[in-house]
Each structure stands twice: as structure tokens, then as C-alpha cells.
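In what follows, a structure is listed as C-alpha cells, so that the remarks can point back to it.
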Amino acid sequence: MRGPEMIGTPPARVRWSPDSQKIYFSWKEPGTPREKDPDTYMVNRDGSNLTKLSEEAALSAPPDRGHTSLDKRLTVYTRDGDLFLYDRQKQTTKRLTQTTSFESNPHFTRDGKRFWFTEGMNLFLFTLEDGSVRQVTNFRSGHSTGPVETKEKGTESQEYLKKEEQELLGVVKKRAQLREEREAKQLKKQPLKPWQIASDLAVDAMELTPDEQFVILALTETARGSRTANVPQYVTESAYAEQTPTRNKVGDVQNRSKLAVLSLASGELKFFEHGLKTTRKKAPEGKEPETVERGMYYSLPVWSDDGKHAVALARATDNKDQWVMQVDPAQAKLSVRVTIHDDAWVDFPGTNTLGWLPDNQNVYFEWERDGYAHLYKVGYDGGEPMQLTTGKFEVDNVVLSEDKTKFYFTSNEVHPGEVNLYEMPVSGGERTRLTSRTGSSEGTVSPDGTALAVMFSTANRPPELFVQDAKPGSEAKQITTSPTAEWLSYPWSIPPVVTFPARDGATVYARLYKPAKPAKNGPAVVFVHGAGYLQNAHKYWSYYYREYMFHHFLVEHGYTVMDLDYRASAGYGRDWRTGIYRFMGGKDLSDNVDAARWLAANHGVDPKRIGIYGGSYGGFITLMAMFTDPDVFAAGAALRPVTDWAHYNHEYTSNILNNPQDDPEAYRKSSPIYHAQGLKGALLICHGMVDLNVHYQDSVRLAQRLIELRKENWELASYPVEDHAFVENSSWADEYKRIFKLFETNLKKR
């Protein structure tokens, strides 16, 4: 349970030098304390001369982010709130600003001589030749949105008296004329019209259009009347209990996204219109439901390389639709080019993929139209989308090659539990698999397209950096080794990925851990991964590496362990993803129950000595198992569990269960607190008291429900300083000792 101090920290921020000769990355050598920041390393293209850079040299390393000029000569980026310029030819870095303000989001103009950036609520232009900065917008915060009057007007009577005073007294008229002349001169010097942005509107991001005629703003409108939940902290530096504001709950009034455009010529600000309507579900008695404009979440526009066209993604706030939209800043209009609909909800690998092909006429995006997340293209002016990849696998992490002739992407085409890097012509057609080892390979391609920096892992080894040629079958050279020698000394196994049939005929994938000599009618444990939409029955390193190690510990003590990708897990396409729509704790739970029965029928497990455990969504499934299938599992450990979905967040929950006020049946079916009377076996609940995701209140409310039901075979372990993901090794160790004790007490014969 020591975590990164023993298991190591994988390399991160991997990037190539512009000349494709060196790889740079952040990394901690084995045994580095968790609190220490990673260092920057450099290695040659052939894998030789691994070097830790000094702090000064690291500051001059190529950036892993930023915006590059069209001629590929310069990259501008931010670090610690200041602006920096990287010369890709000279491979040198220059600091441009050193301020207490926070500059962000720099982008080059088309001529490459200037770049724009944002600071606070405004956009600025930086000229490279002389370092001058010009303010482009003049936004201010206020009570309402609109132009700011340069001179405040009084009431009708006050304005009358002012006019009379000028006509009556010459000195007043003379001074007024002088003031107006000074104001006119000042306006010529600084002609920016001030615009007031309402205090309930937050400017999230803005961009200057390539023709420099408009500024487009992405804004969030704060929900009025929404209530924020506070999470108390009892162990604090002040020794007083303190409150941390977090979020509201699903179905409450939510913030809304808006897209606006400012004309720099006229100074006029408009909100984009999309023309899509929806009918409200509820209306006052005796009245027809109202038709209103559809609520949206927007991305900022993505521009073609020639700077002439833009597209954006828009997603309906009811989660059922997403659109690829044509963007017209001059008219402040969005026009639909592709409608992506799902009767359940839209959210698949590559949901936010959007880019331009080199012809500046077609855009690429991802869609689950045939049941799996695949790559498509569509003309800017519309037409039928064309599918570029096809098959019963999923495509993700799509990027264009430096010369824009090829796509690079990852997919699980070989096996649902394997990830490889592919290349494909931008026109579609034959895919070339560039990596071939069993596990997960996610690569960063060199600028010249001939080499790969690959993050590769297997089921029993965490991700490490390798380098290889960008050709099928190329030998990969390992660059890093992150775990400590202590950890590497243990014979960590590669659990086989097996399949079993669910009751509805679906094929479920699972990892299976078995003792070398399993006892007849021995105990078993089913592990339930978290997040719902996450994959864990795969052939590469698990996010749940502590659980992976704990499963070895259980095997050593005679347990058979199964870890499955139940319904709604990632990696298996649209129908699997949405298999829990309107009923969490339905097919996802029955898959885990079927796994327990399959173990008993095929692996000599005693059906009366099976336990279950998991965290977050896994904790929720554990509760549903213990409450609604109480004769299947003799003991369960629910860690940081959701106990009532009406108390969870909106972004995740409304996707799957809609809103509680609109679909109360879905929430009652899916929430363990409504089924607690079914508890028979031994239940352990563990929860961090400072959990900002699944609030500790969830477990407190369930505890009160169990008390009122007069249940006695349960306990609640509270962790005063822990958030959703534990940090302290002592907390991890305490939690898993309790889980092990639960299983030893209830699943072993006495």
C-alpha cells in the first residue's frame, strides 16, 4: 500500500525535439519521494545517453504544449502564468513576460509576427519585433451585459438643468467644450469600446479569429437558485472545523454555456444563435408545453489552416445529442453539419475529437453510428459523413501527422484488452499497426514521422518509455525503469483474461487470479472496478495497481479472485457502454452475480463463500449486490460508495438516469439506500470524510438507514483526512487490513 514510492512514477510529458533527434520527458527515478517534483530527462533517438537535465537546462527544453506558427519556426507557450517563446530551429527558449498577472492561451496570428493571448477577461496582441503589447478587448465585470456609457446620464430633470446651465453661463459651456475635446482625443488614442459582462457570466476562454475581425468568447452563465453542498474538514491546521464548497446535486439548476462574438470593427457583441428548439416536458395544468431554445454546451471554434472556415462541437444539456456546427462569426450563427444522437446518452471515446483535413474543406470527428467509436469526415458545407475506420473495435487519441498526410490513433482492434498505435492515410483505407507487443502502446511520433516514443505497459509492469522505428515489427528499446528493486523482486503474475457468458448471452471479459493449488470448495472474491465507464480486464497496467497487488496477497491466502469488465465498462462499444441506461445496478450487477456463479460452477469455488468489494462505482455495485442479491455474496466491502444517485453530481448522473424529478423510478431502482432492507451478509463501508466527489454524507445517510432497519452485521470505517482518492499510506493500509479481515472472518471455514 506504499504506492508510488515503491511502484514508481511513470514518465510523462513526452515530446520530441523539432529535429527528431532527441526525446524529452518528466520522470522520477526509482525510490524518489512522492513529495518531490519530477525531473526533466533527455535521451537520444537511438535510446542512448539518458541524461537528467539541470533546472536551467530543463527551462530551455522543448515545450510539451503551446501553439506553433504556420511556418513551424516558433512555438509560444505559458509556464507559471508567464509567456515564453521557443525557437524550433535554434532550439532555444526566451522568456517574454514576468508579471504577477496570469497570461494564458497564446496563439500565433497567420503572419507569424504576432500572437494573441488572454489575461483576465481580455485579449491582447504581442508583437515579436519590438515586444509591444496592444489590448484588443475592453471587457469589464458588472451587473448586466452591454456597452458601457462613457458618460453617465442623469434623470430627465437633471439633464434639463445641465443643458440650461450651459446656455445660461458662458464659463460652464466653455469648460464643457474643452472636456469633450479632451475625451475625443483620448478616444482616438484608445478607441476600444468598453463592454460590461454581467457578474453571473464567467469568461472561460476567448480567441481571435484568423482575419482578426472578431473575438469569440466561451462563457458560463451561473445558475441562479442552485445550492452548493459543503464538505466539512475536521482535521485542520487551525484546529477548527472548516467547510469546503463543492458542487450541487443532479437535477438542480445547472450552469449554462454560451458562445458570443465581438466585432472589432463595430464594437458590437452578439450571442450565437443555433435555431434548435425543444419542448419542455412539464407545463402548468391546462397549458401546452412551451417550446424553447435548446440548452447547449460549446467548444471554441476550430479553424481551417487557411483561416477561412470554422467548426465547433455543441452538446445538448439533456445529453441526447451532439452536433458538428459550422461557425459564422459575422452573422453570429451556428449551422448544423452533423447530428450525433443517442436515445441513452452521447459520450464515447473521441467524443471531443474535431479537426480539419489538409484540403481545408473537410473536417474529421468521431461517432458511434455503427456501434463503435470510429473516425469520420464531413464536408464543411455539409453532405453525408464518410466513415474512415470500421470494425468491432474503438478508435481514440486521433492526431494528424506533421505533414498532415496521415492519421495516428490508438485502437483495441487486436483484442478488447490490448491497445496499439496505428497510422492511416487521411483519405481512409488500409490501417498500419506500428506497435505489436501484447499490452498497451501509446506513442508520440517524431516530427519527421520515422520514430516513436512509446509508453508501453503489460499487466505486471507499469508504463515505461521505449523508443522504436515507426515501422511494423520494429524492435523497441526500453529507456526507463520506474519501480524499486524491492517491488521488482516479487514474481508479479500476468493474470489471464478469460470470458464467461452472462445470463442474457453477452460475453463478459475478466481477469482471473487463482492459487497455484486451489483448495476444493475454497473462497473467492469478486472485485468491481470504479468509474463505471472504465476498463480493467485488460492486458496492460491497471489504474488499480494497489488492488492488483492485493489480489496476489489474497491468492497467497487461498482465494480465487475475479476482476471483470461488467456492463457499461469501456472498450466494448456503444451497446455495452449504455447497457445501464435508467438502471444502474441492473445488468452491471447481474454480470458480477453471473461471475460469482461461473466461479462456483467452473473453478471449484464454494458458492457460499464468495465476497465482493470495490470503490466508488465499485462500492455502489457492492452495496447493490449485498442488498438485492444477498444470497450470492457472504461479505462485501463498499469503499467510498454512492448510496443515493440523487445526491451525486449532475454531469455524470444525468447522462445515465436523467434528472430525478423527471425520472424518479430510475433513481429508486438504482440507489442502494432504497434496498438496504435486503442486507444479510457482513458489510464493511469505508469512506474518506473529506471526499469531494462522493460525499461522506452518502455513507452517513446509509448508516442511519441501516440503524433504522435494525441491521447489525455492518460497520463504517471513516478516514478523517482522505478525499475520494486516498493519499496517506496509513489510510490505504488500514482500509485493506479491514477488507482482508472481513473476508478472513466470513469466507474461511472455521
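Letters A, B, ... go to the chains of the C-alpha cells in the order shown; residues in each chain start at 1; ligands are counted from 1 in the same order.
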Residue contacts of Thr628 (chain A) (8 Å, only C-alpha atoms) excluding same-chain residues fewer than 2 positions away, as number ranges by chain: A: 624-626, 630, 675, 678-679
Among region 143-309 of chain A, which residues does DSSP mark as strand (DSSP E) when it is run on the backbone? Keep the chain and numbering as in the structure and answer as a PyMOL selection string. chain A and resi 146-147+195-198+201-208+214-221+230-233+242-245+256-263+269-271+277-279+291-293+296-298+302-303
Save out the residues we just selected, N, CA and C atoms, as a short mmCIF file (atom, residue, chain, number, x, y, z; two decimals), in the first residue's frame.
```cif
data_model
loop_
_atom_site.label_atom_id
_atom_site.label_comp_id
_atom_site.auth_asym_id
_atom_site.auth_seq_id
_atom_site.Cartn_x
_atom_site.Cartn_y
_atom_site.Cartn_z
N GLY A 146 -23.57 44.58 -21.66
CA GLY A 146 -23.89 45.62 -22.62
C GLY A 146 -22.78 46.65 -22.70
N PRO A 147 -22.87 47.60 -23.66
CA PRO A 147 -21.84 48.63 -23.79
C PRO A 147 -21.85 49.56 -22.58
N TRP A 195 -16.96 47.11 -22.79
CA TRP A 195 -18.15 46.25 -22.70
C TRP A 195 -18.22 45.67 -21.30
N GLN A 196 -19.42 45.70 -20.76
CA GLN A 196 -19.66 45.15 -19.43
C GLN A 196 -20.21 43.73 -19.56
N ILE A 197 -19.57 42.78 -18.86
CA ILE A 197 -20.06 41.40 -18.82
C ILE A 197 -20.73 41.17 -17.47
N ALA A 198 -21.96 40.69 -17.51
CA ALA A 198 -22.73 40.51 -16.29
C ALA A 198 -21.98 39.63 -15.30
N LEU A 201 -21.99 35.90 -15.52
CA LEU A 201 -21.34 35.30 -16.69
C LEU A 201 -19.84 35.26 -16.46
N ALA A 202 -19.26 34.07 -16.55
CA ALA A 202 -17.81 33.92 -16.41
C ALA A 202 -17.21 33.67 -17.79
N VAL A 203 -16.16 34.41 -18.13
CA VAL A 203 -15.47 34.21 -19.40
C VAL A 203 -14.49 33.05 -19.23
N ASP A 204 -14.80 31.92 -19.86
CA ASP A 204 -13.96 30.73 -19.74
C ASP A 204 -12.77 30.77 -20.69
N ALA A 205 -13.00 31.24 -21.90
CA ALA A 205 -11.93 31.28 -22.89
C ALA A 205 -12.36 32.23 -24.00
N MET A 206 -11.37 32.70 -24.76
CA MET A 206 -11.69 33.54 -25.92
C MET A 206 -10.61 33.33 -26.97
N GLU A 207 -10.95 33.66 -28.20
CA GLU A 207 -9.99 33.52 -29.29
C GLU A 207 -10.19 34.62 -30.32
N LEU A 208 -9.11 35.01 -30.95
CA LEU A 208 -9.14 35.98 -32.04
C LEU A 208 -9.28 35.21 -33.34
N PHE A 214 -12.82 39.50 -35.41
CA PHE A 214 -13.75 39.16 -34.34
C PHE A 214 -13.00 38.49 -33.19
N VAL A 215 -13.58 38.60 -32.02
CA VAL A 215 -13.16 37.83 -30.86
C VAL A 215 -14.34 36.97 -30.43
N ILE A 216 -14.10 35.67 -30.31
CA ILE A 216 -15.15 34.74 -29.91
C ILE A 216 -14.93 34.36 -28.46
N LEU A 217 -16.01 34.39 -27.68
CA LEU A 217 -15.93 34.14 -26.25
C LEU A 217 -16.76 32.92 -25.88
N ALA A 218 -16.19 32.05 -25.06
CA ALA A 218 -16.94 30.96 -24.43
C ALA A 218 -17.23 31.40 -23.00
N LEU A 219 -18.51 31.41 -22.64
CA LEU A 219 -18.91 31.91 -21.33
C LEU A 219 -19.75 30.87 -20.60
N THR A 220 -19.74 30.96 -19.28
CA THR A 220 -20.60 30.13 -18.45
C THR A 220 -21.53 31.03 -17.66
N GLU A 221 -22.83 30.77 -17.79
CA GLU A 221 -23.83 31.51 -17.04
C GLU A 221 -24.11 30.79 -15.72
N ASN A 230 -21.53 21.66 0.92
CA ASN A 230 -20.26 21.89 1.60
C ASN A 230 -19.79 20.61 2.26
N VAL A 231 -18.48 20.37 2.19
CA VAL A 231 -17.88 19.20 2.84
C VAL A 231 -17.05 19.69 4.02
N PRO A 232 -17.37 19.26 5.24
CA PRO A 232 -16.60 19.69 6.41
C PRO A 232 -15.27 18.96 6.53
N GLN A 233 -14.27 19.68 7.00
CA GLN A 233 -12.97 19.09 7.34
C GLN A 233 -12.77 19.24 8.84
N GLU A 242 -13.59 23.22 9.26
CA GLU A 242 -13.71 24.15 8.14
C GLU A 242 -14.57 23.53 7.04
N GLN A 243 -15.18 24.38 6.23
CA GLN A 243 -16.09 23.92 5.17
C GLN A 243 -15.46 24.14 3.80
N THR A 244 -15.60 23.14 2.93
CA THR A 244 -15.14 23.27 1.54
C THR A 244 -16.34 23.20 0.61
N PRO A 245 -16.65 24.28 -0.12
CA PRO A 245 -17.75 24.23 -1.10
C PRO A 245 -17.39 23.27 -2.23
N ARG A 256 -25.01 27.23 -17.45
CA ARG A 256 -25.22 27.08 -18.88
C ARG A 256 -24.05 27.67 -19.65
N SER A 257 -23.79 27.08 -20.80
CA SER A 257 -22.72 27.53 -21.67
C SER A 257 -23.28 28.49 -22.72
N LYS A 258 -22.52 29.53 -23.02
CA LYS A 258 -22.90 30.48 -24.06
C LYS A 258 -21.69 30.75 -24.95
N LEU A 259 -21.97 31.07 -26.20
CA LEU A 259 -20.92 31.43 -27.16
C LEU A 259 -21.27 32.80 -27.72
N ALA A 260 -20.33 33.74 -27.65
CA ALA A 260 -20.59 35.10 -28.11
C ALA A 260 -19.48 35.55 -29.05
N VAL A 261 -19.76 36.61 -29.81
CA VAL A 261 -18.76 37.14 -30.73
C VAL A 261 -18.78 38.66 -30.65
N LEU A 262 -17.58 39.23 -30.58
CA LEU A 262 -17.41 40.68 -30.56
C LEU A 262 -16.82 41.13 -31.89
N SER A 263 -17.50 42.04 -32.56
CA SER A 263 -16.97 42.62 -33.78
C SER A 263 -16.00 43.74 -33.40
N LEU A 269 -21.41 43.28 -29.62
CA LEU A 269 -21.33 41.93 -29.06
C LEU A 269 -22.64 41.21 -29.29
N LYS A 270 -22.55 39.98 -29.85
CA LYS A 270 -23.75 39.18 -30.09
C LYS A 270 -23.54 37.78 -29.54
N PHE A 271 -24.64 37.17 -29.11
CA PHE A 271 -24.61 35.76 -28.73
C PHE A 271 -24.96 34.91 -29.95
N LYS A 277 -34.65 23.88 -31.30
CA LYS A 277 -35.69 24.05 -30.28
C LYS A 277 -35.98 22.72 -29.59
N THR A 278 -36.55 22.82 -28.41
CA THR A 278 -37.03 21.65 -27.68
C THR A 278 -38.30 22.02 -26.94
N THR A 279 -39.09 21.02 -26.61
CA THR A 279 -40.34 21.25 -25.89
C THR A 279 -40.17 20.86 -24.43
N THR A 291 -42.28 25.64 -26.09
CA THR A 291 -41.13 25.34 -26.96
C THR A 291 -40.07 26.40 -26.75
N VAL A 292 -38.87 25.96 -26.40
CA VAL A 292 -37.80 26.90 -26.06
C VAL A 292 -36.52 26.52 -26.82
N GLU A 293 -35.56 27.45 -26.82
CA GLU A 293 -34.27 27.16 -27.44
C GLU A 293 -33.54 26.10 -26.63
N MET A 296 -27.29 24.28 -24.48
CA MET A 296 -26.10 23.74 -25.12
C MET A 296 -24.85 23.91 -24.25
N TYR A 297 -23.89 23.03 -24.49
CA TYR A 297 -22.51 23.23 -24.07
C TYR A 297 -21.68 23.33 -25.34
N TYR A 298 -20.74 24.30 -25.40
CA TYR A 298 -20.00 24.55 -26.63
C TYR A 298 -18.49 24.36 -26.44
N VAL A 302 -12.83 25.62 -34.11
CA VAL A 302 -11.57 25.12 -34.65
C VAL A 302 -11.48 25.61 -36.09
N TRP A 303 -10.37 26.29 -36.42
CA TRP A 303 -10.25 26.95 -37.73
C TRP A 303 -9.44 26.12 -38.71
#
```
Need the shell around region 647-659 of chain A: protein/DNA/RNA residues with any atom at most 7 Å away, counting only C-alpha atoms. Skip same-chain ones fewer than 3 positions apart. Format as a CSV table (one decimal) with N, CA and C atoms, in the first residue's frame?
```
chain,number,residue,atom,x,y,z
A,248,ASN,N,-23.3,21.2,-6.7
A,248,ASN,CA,-24.7,21.0,-6.4
A,248,ASN,C,-25.0,19.5,-6.7
A,249,LYS,N,-26.3,19.1,-6.7
A,249,LYS,CA,-26.6,17.7,-6.9
A,249,LYS,C,-27.4,17.6,-8.2
A,250,VAL,N,-27.4,16.4,-8.7
A,250,VAL,CA,-28.0,16.1,-10.0
A,250,VAL,C,-29.5,16.6,-10.1
A,251,GLY,N,-29.8,17.3,-11.2
A,251,GLY,CA,-31.2,17.8,-11.3
A,251,GLY,C,-31.4,19.2,-10.8
A,319,ASN,N,-28.2,15.8,-22.9
A,319,ASN,CA,-27.2,14.6,-23.1
A,319,ASN,C,-27.5,13.8,-24.3
A,345,TRP,N,-27.4,8.3,-24.0
A,345,TRP,CA,-26.6,9.5,-23.9
A,345,TRP,C,-25.4,9.4,-24.8
A,581,TYR,N,-28.5,2.2,-18.9
A,581,TYR,CA,-29.3,3.4,-19.0
A,581,TYR,C,-30.6,3.2,-18.2
A,582,ARG,N,-30.9,4.1,-17.4
A,582,ARG,CA,-32.1,4.1,-16.5
A,582,ARG,C,-32.1,3.0,-15.4
A,644,ASP,N,-27.0,6.9,-2.9
A,644,ASP,CA,-28.2,7.5,-3.4
A,644,ASP,C,-27.8,8.4,-4.6
A,662,ASP,N,-37.5,14.2,-13.1
A,662,ASP,CA,-38.2,13.7,-14.3
A,662,ASP,C,-38.3,12.2,-14.4
A,663,ASP,N,-37.4,11.5,-13.7
A,663,ASP,CA,-37.3,10.1,-13.9
A,663,ASP,C,-37.1,9.4,-12.5
A,666,ALA,N,-36.1,5.6,-12.1
A,666,ALA,CA,-34.7,5.2,-12.4
A,666,ALA,C,-33.9,5.4,-11.2
A,667,TYR,N,-34.1,6.4,-10.4
A,667,TYR,CA,-33.3,6.7,-9.2
A,667,TYR,C,-33.6,5.7,-8.1
A,694,VAL,N,-17.7,11.7,-4.1
A,694,VAL,CA,-18.8,11.0,-3.5
A,694,VAL,C,-18.8,11.5,-2.0
```
Write out as a ChimeraX atom specification all residues of region 494-579 of chain A that backbone DSSP assigns to helix (DSSP H, G or I). /A:545-556,574-577
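Considering the residues A:Val555, A:Pro462, A:Asp504, A:Asn138 and counting only C-alpha atoms, Leu488 (chain A) has its shortest atom-to-atom contact with A:Pro462.
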What's the 12 Å shell around Asn352 (chain A), counting only C-alpha atoms, without same-chain residues fewer than 2 positions away, as a PDB file with N, CA and C atoms, in the first residue's frame?
```pdb
ATOM      1  N   TYR A 297     -23.889  23.034 -24.491  1.00  0.00           N
ATOM      2  CA  TYR A 297     -22.507  23.232 -24.066  1.00  0.00           C
ATOM      3  C   TYR A 297     -21.682  23.333 -25.345  1.00  0.00           C
ATOM      4  N   TYR A 298     -20.740  24.296 -25.405  1.00  0.00           N
ATOM      5  CA  TYR A 298     -19.996  24.549 -26.631  1.00  0.00           C
ATOM      6  C   TYR A 298     -18.493  24.358 -26.440  1.00  0.00           C
ATOM      7  N   SER A 299     -17.842  23.978 -27.533  1.00  0.00           N
ATOM      8  CA  SER A 299     -16.388  24.104 -27.616  1.00  0.00           C
ATOM      9  C   SER A 299     -16.085  25.394 -28.363  1.00  0.00           C
ATOM     10  N   LEU A 300     -14.868  25.929 -28.183  1.00  0.00           N
ATOM     11  CA  LEU A 300     -14.459  27.052 -29.019  1.00  0.00           C
ATOM     12  C   LEU A 300     -14.279  26.574 -30.460  1.00  0.00           C
ATOM     13  N   VAL A 302     -12.833  25.623 -34.112  1.00  0.00           N
ATOM     14  CA  VAL A 302     -11.574  25.120 -34.647  1.00  0.00           C
ATOM     15  C   VAL A 302     -11.480  25.614 -36.089  1.00  0.00           C
ATOM     16  N   ALA A 312     -17.340  23.910 -34.747  1.00  0.00           N
ATOM     17  CA  ALA A 312     -17.322  23.729 -33.298  1.00  0.00           C
ATOM     18  C   ALA A 312     -18.215  22.554 -32.947  1.00  0.00           C
ATOM     19  N   LEU A 313     -18.002  22.008 -31.766  1.00  0.00           N
ATOM     20  CA  LEU A 313     -18.877  20.966 -31.235  1.00  0.00           C
ATOM     21  C   LEU A 313     -19.863  21.600 -30.270  1.00  0.00           C
ATOM     22  N   ALA A 314     -21.101  21.187 -30.358  1.00  0.00           N
ATOM     23  CA  ALA A 314     -22.133  21.615 -29.413  1.00  0.00           C
ATOM     24  C   ALA A 314     -22.831  20.368 -28.885  1.00  0.00           C
ATOM     25  N   ARG A 315     -23.105  20.365 -27.607  1.00  0.00           N
ATOM     26  CA  ARG A 315     -23.746  19.215 -26.973  1.00  0.00           C
ATOM     27  C   ARG A 315     -24.975  19.692 -26.221  1.00  0.00           C
ATOM     28  N   GLN A 322     -25.368  15.588 -29.903  1.00  0.00           N
ATOM     29  CA  GLN A 322     -24.166  16.400 -30.115  1.00  0.00           C
ATOM     30  C   GLN A 322     -24.129  16.770 -31.587  1.00  0.00           C
ATOM     31  N   TRP A 323     -23.602  17.959 -31.883  1.00  0.00           N
ATOM     32  CA  TRP A 323     -23.574  18.423 -33.268  1.00  0.00           C
ATOM     33  C   TRP A 323     -22.186  18.905 -33.658  1.00  0.00           C
ATOM     34  N   VAL A 324     -21.821  18.658 -34.903  1.00  0.00           N
ATOM     35  CA  VAL A 324     -20.721  19.371 -35.540  1.00  0.00           C
ATOM     36  C   VAL A 324     -21.349  20.582 -36.206  1.00  0.00           C
ATOM     37  N   VAL A 346     -24.947  10.614 -25.225  1.00  0.00           N
ATOM     38  CA  VAL A 346     -23.771  10.740 -26.093  1.00  0.00           C
ATOM     39  C   VAL A 346     -22.539  10.924 -25.219  1.00  0.00           C
ATOM     40  N   ASP A 347     -21.618   9.993 -25.283  1.00  0.00           N
ATOM     41  CA  ASP A 347     -20.348  10.119 -24.553  1.00  0.00           C
ATOM     42  C   ASP A 347     -19.531   8.862 -24.823  1.00  0.00           C
ATOM     43  N   PHE A 348     -18.629   8.934 -25.779  1.00  0.00           N
ATOM     44  CA  PHE A 348     -17.872   7.759 -26.216  1.00  0.00           C
ATOM     45  C   PHE A 348     -16.416   8.148 -26.415  1.00  0.00           C
ATOM     46  N   PRO A 349     -15.504   7.180 -26.588  1.00  0.00           N
ATOM     47  CA  PRO A 349     -14.108   7.549 -26.859  1.00  0.00           C
ATOM     48  C   PRO A 349     -14.023   8.488 -28.058  1.00  0.00           C
ATOM     49  N   GLY A 350     -13.284   9.560 -27.902  1.00  0.00           N
ATOM     50  CA  GLY A 350     -13.154  10.505 -29.008  1.00  0.00           C
ATOM     51  C   GLY A 350     -14.325  11.447 -29.162  1.00  0.00           C
ATOM     52  N   LEU A 354     -12.174  16.713 -33.005  1.00  0.00           N
ATOM     53  CA  LEU A 354     -12.622  17.592 -34.085  1.00  0.00           C
ATOM     54  C   LEU A 354     -11.403  18.274 -34.687  1.00  0.00           C
ATOM     55  N   GLY A 355     -11.264  18.190 -36.013  1.00  0.00           N
ATOM     56  CA  GLY A 355     -10.128  18.826 -36.669  1.00  0.00           C
ATOM     57  C   GLY A 355     -10.351  18.940 -38.164  1.00  0.00           C
ATOM     58  N   TYR A 364     -12.735  16.231 -39.620  1.00  0.00           N
ATOM     59  CA  TYR A 364     -12.836  14.876 -39.096  1.00  0.00           C
ATOM     60  C   TYR A 364     -13.366  14.920 -37.662  1.00  0.00           C
ATOM     61  N   PHE A 365     -14.050  13.857 -37.276  1.00  0.00           N
ATOM     62  CA  PHE A 365     -14.645  13.753 -35.947  1.00  0.00           C
ATOM     63  C   PHE A 365     -14.890  12.283 -35.665  1.00  0.00           C
ATOM     64  N   GLU A 366     -15.371  11.963 -34.462  1.00  0.00           N
ATOM     65  CA  GLU A 366     -15.675  10.571 -34.128  1.00  0.00           C
ATOM     66  C   GLU A 366     -17.161  10.400 -33.844  1.00  0.00           C
ATOM     67  N   TRP A 367     -17.623   9.151 -34.030  1.00  0.00           N
ATOM     68  CA  TRP A 367     -19.054   8.843 -33.924  1.00  0.00           C
ATOM     69  C   TRP A 367     -19.194   7.347 -33.641  1.00  0.00           C
ATOM     70  N   ALA A 373     -16.869   3.467 -31.585  1.00  0.00           N
ATOM     71  CA  ALA A 373     -16.309   4.799 -31.816  1.00  0.00           C
ATOM     72  C   ALA A 373     -15.326   4.748 -32.985  1.00  0.00           C
ATOM     73  N   LEU A 375     -13.723   6.889 -36.741  1.00  0.00           N
ATOM     74  CA  LEU A 375     -13.330   8.154 -37.344  1.00  0.00           C
ATOM     75  C   LEU A 375     -14.165   8.410 -38.598  1.00  0.00           C
ATOM     76  N   ASP A 396      -9.323   5.918 -30.732  1.00  0.00           N
ATOM     77  CA  ASP A 396      -9.182   7.033 -29.790  1.00  0.00           C
ATOM     78  C   ASP A 396      -7.840   7.728 -30.034  1.00  0.00           C
ATOM     79  N   ASN A 397      -7.660   8.876 -29.381  1.00  0.00           N
ATOM     80  CA  ASN A 397      -6.385   9.627 -29.418  1.00  0.00           C
ATOM     81  C   ASN A 397      -5.951   9.943 -30.848  1.00  0.00           C
ATOM     82  N   VAL A 398      -6.850  10.505 -31.627  1.00  0.00           N
ATOM     83  CA  VAL A 398      -6.598  10.785 -33.047  1.00  0.00           C
ATOM     84  C   VAL A 398      -5.798  12.082 -33.206  1.00  0.00           C
TER      85      VAL A 398
END
```
Using only C-alpha atoms, which of the listed residues (A:Val721, A:Ala61, A:Leu512, A:Val327) sits closest to Val526 (chain A)?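 Looking at the shortest contact to Val526 (chain A), the residue is A:Leu512.
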If you count only C-alpha atoms, which residues fall within 9 Å of region 2-8 of chain A, apart from same-chain ones fewer than 6 positions away, as a PyMOL selection string? chain A and resi 28-34+462+481-488+545-546+728-730+732-733
In Å and to one decimal, CA of His67 (chain A) is distant from CA of Met42 (chain A) by 22.0 Å
Compare A:Lys477, A:Arg705, A:His274, A:Lys90 by their minimum atom-to-atom distance to Glu464 (chain A), counting only C-alpha atoms, and give me the closest one. A:Lys477
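Here CA of Gly604 (chain A) and CA of Tyr548 (chain A) stand 22.2 Å from one another.
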Give me the residues near Lys22 (chain A) as a PyMOL selection string, where near means some atom within 7 Å (using only C-alpha atoms) and where sequence neighbours in that chain fewer than 6 positions away do not count. chain A and resi 16+42-45
Distance query Leu623 (chain A) at most 8 Å, only C-alpha atoms, self and fewer than 6 positions along chain excluded, as a ChimeraX atom specification: /A:636,638,641,643,672
Output N, CA and C atoms of each residue in that selection to a file, as a compact mmCIF listing (two decimals), in the first residue's frame.
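Result file follows (again_4.txt):
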```
# COMPACT_ATOMS: atom_id res chain seq x y z
N GLY A 636 -19.14 -8.23 1.86
CA GLY A 636 -18.83 -7.19 0.88
C GLY A 636 -18.20 -5.98 1.53
N ALA A 638 -17.69 -2.06 0.69
CA ALA A 638 -18.07 -0.95 -0.19
C ALA A 638 -17.23 0.27 0.19
N PRO A 641 -18.67 4.61 -1.43
CA PRO A 641 -19.74 4.25 -2.36
C PRO A 641 -20.78 5.34 -2.55
N THR A 643 -24.48 5.93 -2.47
CA THR A 643 -25.60 5.21 -1.86
C THR A 643 -26.95 5.71 -2.35
N PRO A 672 -28.86 2.25 -3.77
CA PRO A 672 -28.81 1.22 -2.72
C PRO A 672 -29.62 1.56 -1.47
```
Pick from A:Lys748, A:Arg433, A:Lys741, A:Lys333: nearest to Leu684 (chain A), with only C-alpha atoms counted?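 Nearest to Leu684 (chain A): A:Lys741.
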Residues of region 483-593 of chain A that have any atom at most 10 Å from an atom of region 436-443 of chain A: could you tabulate them with the shortest-distance atom pair and the distance in Å to one decimal, using only C-alpha atoms, ordered by chain and increasing number, as CSV?
```
residue,atom,partner,partner_atom,distance
A:His538,CA,A:Gly439,CA,8.0
A:Lys539,CA,A:Gly439,CA,5.0
A:Tyr540,CA,A:Gly439,CA,4.5
A:Trp541,CA,A:Gly439,CA,7.8
```
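Between CA of Asn255 (chain A) and CA of Arg224 (chain A) the interatomic distance comes to 8.4 Å.
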